[in-house]
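Structure first, commentary second.
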Number of protein chains: 2
Amino acid sequence: MAQKPSIPKGTRDFSPAEMTNRNYIFDTIKSIFRLYGFQPIETPAMENLSTLMGKYGEEGDKLLFKILDSGEFLNNIESGSRGLTPSEIKSILSIENGILDNIICVIQTGLKSKKDIKSIEKAYSELYFKKEFDHLKKFIFYRNSKDRKDRKDLISYFKNITAEKLKGYIKLSIKQSRVSNFSESLKLTHKISEKGLRYDLTVPFARYVVQYRNDISFPFKRYQIQPVWRADRPQKGRYREFYQCDVDIVGSDSLLNEMELVQIVDQVFSKLKINTIVKINNRKILAGIAEVIGEKERILDITVAIDKLDKIGLEKVNEELLEKGIPEDAVGKLQPILHLSGSVSEKLAQLETVIGHSEIGSNGISEVRTLFAYLDTLSLTTEVELDLTLARGLNYYTGAIFEVKAKDASMGSICGGGRYDDLTGIFGMPGVSGVGISFGADRIYDVLTQLQLFPSATVDSTMLMFVNFGPAEEAFCLPVLASVRKAGINAEIFPDKSKMAKQMTWANNKKIPFVAIVGENEMLQGKINLKNMLSGEQQLVDPEELIKILSE
Amino acid sequence: MAQKPSIPKGTRDFSPAEMTNRNYIFDTIKSIFRLYGFQPIETPAMENLSTLMGKYGEEGDKLLFKILDSGEFLNNIESGSRGLTPSEIKSILSIENGILDNIICVIQTGLKSKKDIKSIEKAYSELYFKKEFDHLKKFIFYRNSKDRKDRKDLISYFKNITAEKLKGYIKLSIKQSRVSNFSESLKLTHKISEKGLRYDLTVPFARYVVQYRNDISFPFKRYQIQPVWRADRPQKGRYREFYQCDVDIVGSDSLLNEMELVQIVDQVFSKLKINTIVKINNRKILAGIAEVIGEKERILDITVAIDKLDKIGLEKVNEELLEKGIPEDAVGKLQPILHLSGSVSEKLAQLETVIGHSEIGSNGISEVRTLFAYLDTLSLTTEVELDLTLARGLNYYTGAIFEVKAKDASMGSICGGGRYDDLTGIFGMPGVSGVGISFGADRIYDVLTQLQLFPSATVDSTMLMFVNFGPAEEAFCLPVLASVRKAGINAEIFPDKSKMAKQMTWANNKKIPFVAIVGENEMLQGKINLKNMLSGEQQLVDPEELIKILSE
């Protein structure tokens, strides 16, 4: 027998039972998103590496899943002895640096037949002896030049070479790669891919906003629920493929958006019956603190340390700050802030006295005050708390910072987000403010499992199964089954005339709550013997009664 | 400014408007699947290449998107000067042939720092002069040997080498690769990946069934709606990422399943308001024909040619059959079958006289007769037709073959499928019969667009937008907005106090049917000025009336 098949490490299959539970979470979240006027978008699983690289730090770049190119580049340049067309030149020029290395590997990947290899080898020697090698060097030089004139020269240079020749140069570069040293060949292997699987939904969303900026009516309110992929070391609770659920508004500064996001969080978790606490902070307050203690440039170190207050305690946080080179008097000035207490307005008042004279700090206080004033007008189910130790270690937040925890389960944050002032700047569209949050579907799943909060049946489940006793009984049951389905009730008939016990076990495994047993006696009476699988009760009913019972 | 970002060729973003339409299709299909007792599963985007390769023919293998390995292999072998453990040896032995080439590239991909490179270079020279090279050759020899004794020797050989040494050999093999010839280095580049993106949902489903065979209650009725990826040349209507919607039953021979699949097709397209014709054939009839004309082994050639009857006509089909080496008298015997006419039972009767004495042919006729008898008891909206020219060019169907076409649109088939008797055989679990169909979401989308059948508003859309005139009006509107949402109506308030015209345009772009305009006058009266965006009508209503109007 063949080896038992398996799936890649860190990935998962979802069984029908798991899917039902996951859909319960996603459907709940989506219905609330829509209630607040957010609309769905989807982006492709694959993004260009140029879109993804450099957005997640060095560590993130390493965790990108890269997709092997399929050798399509050469196919896009038409063969022939004419000069290249402007669009062909443009396509060559628009490719990133390092393209030559790339092409080499693309060709190595794309060419397969012996004939191909032979013809390349022939091209080598011919080109080499004709000293076309100089042309290749020129090509590389121009490619790498930032000088406008050089670029212009390159374009006119291209006008005079033919597609055939270009292919020759590229092929020559393969030979070149074979005499290069080991370290270059290492570099090479990094250049055989130009697409990667998306790492999160934030960067693709920023890319989307910039790409369709002319079609979008701002403020743009979108949600997106799709899988992301990270080549992380798999471990318990950490997967290489997992879903993210993001909701964002871009193109609006209004704090109404922050309020509505808190409302969404509140309503989602109320509906899921999870008791939560929403922690709120503001990056501007943190910036104000750093400014006031005279360590404006060290805001990241300070917030990262503060972020650990819960986990390692005040003493260790202070140690860490000192270790990081924050002067002792600055750490001293920080202490009253770490000891703030009382209601939100009391905390804000205390803060005002310490950082009120910092412009950015004062702005932060005012934003938090407005947001909490908004929240006071609502009757929220969730607890809401101002938590100045909340930094979420993320350096792109510029205003509000959110984090949500489940109160009755031991679990990290199940939802988080904040305001970012320049998300689309990385793609050349500066000054678009956005705010958003992300729901952690896997953690919410675990919380609902821990607290046994998944509903036992959902609208997706089958309500009724007809036992199959053979052709005659089948003929009686099928029209009844049709009328049950016509009433919108999910129902099925066991497809084979199998043993009764097998059919009942099957219904049981599928958690079908009702089974219709129709034998000779029932057929004579024109009735259905309806068995409640939970209570074991049976009753004789006619088709109308059947539908009535199932609709209840 | 940075270059405008883009997405890889052949992939798509879906805007909110497109998502709404796509969800309308998927939700319709899903609701019918569930009505018939089918349950969802999901499988990971990435499958092991060993699962995918060799399942789609040579052309299919080329179209797989392959994912670069992230150099994890070496991490699984613990470092140290002790000999390898049995499980480490097992892990090495269980890797496919060509592993050494693979390892070479994995290392090249995985190692980055200069220090790593230095240490490898050192390992080279040391190992080389110590003639450890012989060990490597031995390793390769054993790896490739099919002889049991050789394998045994290899295992005992491994017991005497340390993890450090093994790494050394592997590293040495890098050097080897650099003196190998060009054609080998081409081969190399194919060995740097062991995962690929799924190409369809059928093979992952077969893998799922085999992997969880002990947890599944058969017959297993599942549906699966997920994207698949193919490195096809992108062109109009053909994408590199697209969704498939598959519904299958495995582990049941009953023709009731075929009937229910036709019912599902009928109900899906009725609900979508697309007039369809369902064409049905049976592979056993085609096999019977091949048998009777004495060309049993040529069934594929014959069905492929018959499949083209519609497109190229009878004459060309006959020509093709002759060209493929089917004898003239066999082609002659085929003619009456290509000219069958009349009702289904008439066609079957004519067929009976020609192929009734072939056992497989007779079985096919009986299956089709039973299926049509089932279908006769139903009141279907769709037309159903027996079409002996239907072969779908797919060689894994063994019984029923289905194809669905839209009658009022020019479009290929929008749905198709059939019965396959040994899908899971490829993964070592023979004899599990299955039947299934697949809905072509993109084509259905195009048909609905062509025929203008998309609903103008769906449950997903926002029903009402409140215009934002500033803090005072906002304070009046927010509680009303909350009560509208509490009634389950999707509604929103424009987040910023922008110009009225801008807000109205925004509502228009988002196709929001109602806008609430509340200024000073309305506030004084405690009323809302409700504007119908389609008719332009305005009316003054109180909050209760507002909800009543929106709920209609």
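Scheme for the structure tokens: letters A, B, ... for chains in order shown; per-chain residue numbers from 1; ligand numbers from 1 in order shown.
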>> At a cut-off of 7 Å, using only C-alpha atoms, what residues contact Met533 in chain B? Leave out same-chain residues fewer than 5 positions from it and give the result as a list of chain:residue names.
In response: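 Here the qualifying residues turn out to be B:Pro513, B:Phe514, B:Val515.
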How would the residues just chosen look if you wrote them out with C-alpha atoms as a compact mmCIF listing (two decimals), in the first residue's frame?
```txt
# COMPACT_ATOMS: atom_id res chain seq x y z
CA PRO B 513 -30.94 53.18 -0.93
CA PHE B 514 -31.89 55.53 1.94
CA VAL B 515 -30.22 58.58 3.47
```
> When DSSP works through the backbone of this structure, what residues of range 286-489 of chain A end up as helix (DSSP H, G or I), shown as a ChimeraX atom specification?
Replying inline: /A:286-292,296-307,309-323,328-338,344-355,359-376,423-427,441-450,471-486
> Which is closest to Leu52 in chain B among B:Gln267, B:Ser551, B:Ser343, B:Thr202, if we use only C-alpha atoms?
Replying inline: B:Thr202
>> Ranking B:Glu474, B:Glu323, B:Glu552, B:Glu537 by minimum distance to chain A and counting only C-alpha atoms, which one comes first?
In response: B:Glu474
> By how many Å are CA of His339 in chain B and CA of Glu359 in chain B apart?
Replying inline: 22.4 Å
Pull the closest atom pair for each residue of range 385-495 of chain B that gets at most 12 Å from range 5-11 of chain A, along with the distance in Å to one decimal, counting only C-alpha atoms, ordering rows by chain and then ascending residue number, as CSV.
```
residue,atom,partner,partner_atom,distance
B:Thr424,CA,A:Pro5,CA,10.7
B:Gly425,CA,A:Pro5,CA,11.8
B:Ile426,CA,A:Pro5,CA,10.0
B:Phe427,CA,A:Pro5,CA,6.7
B:Gly428,CA,A:Pro5,CA,8.9
B:Met429,CA,A:Pro5,CA,10.6
```
>> Could you check the closest approach to chain B for each of A:Asn363, A:Asn318, A:Asn48, A:Asn275 and tell me which residue wins, using only C-alpha atoms?
In response: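 Comparing A:Asn363, A:Asn318, A:Asn48, A:Asn275 against chain B, the winner is A:Asn48.
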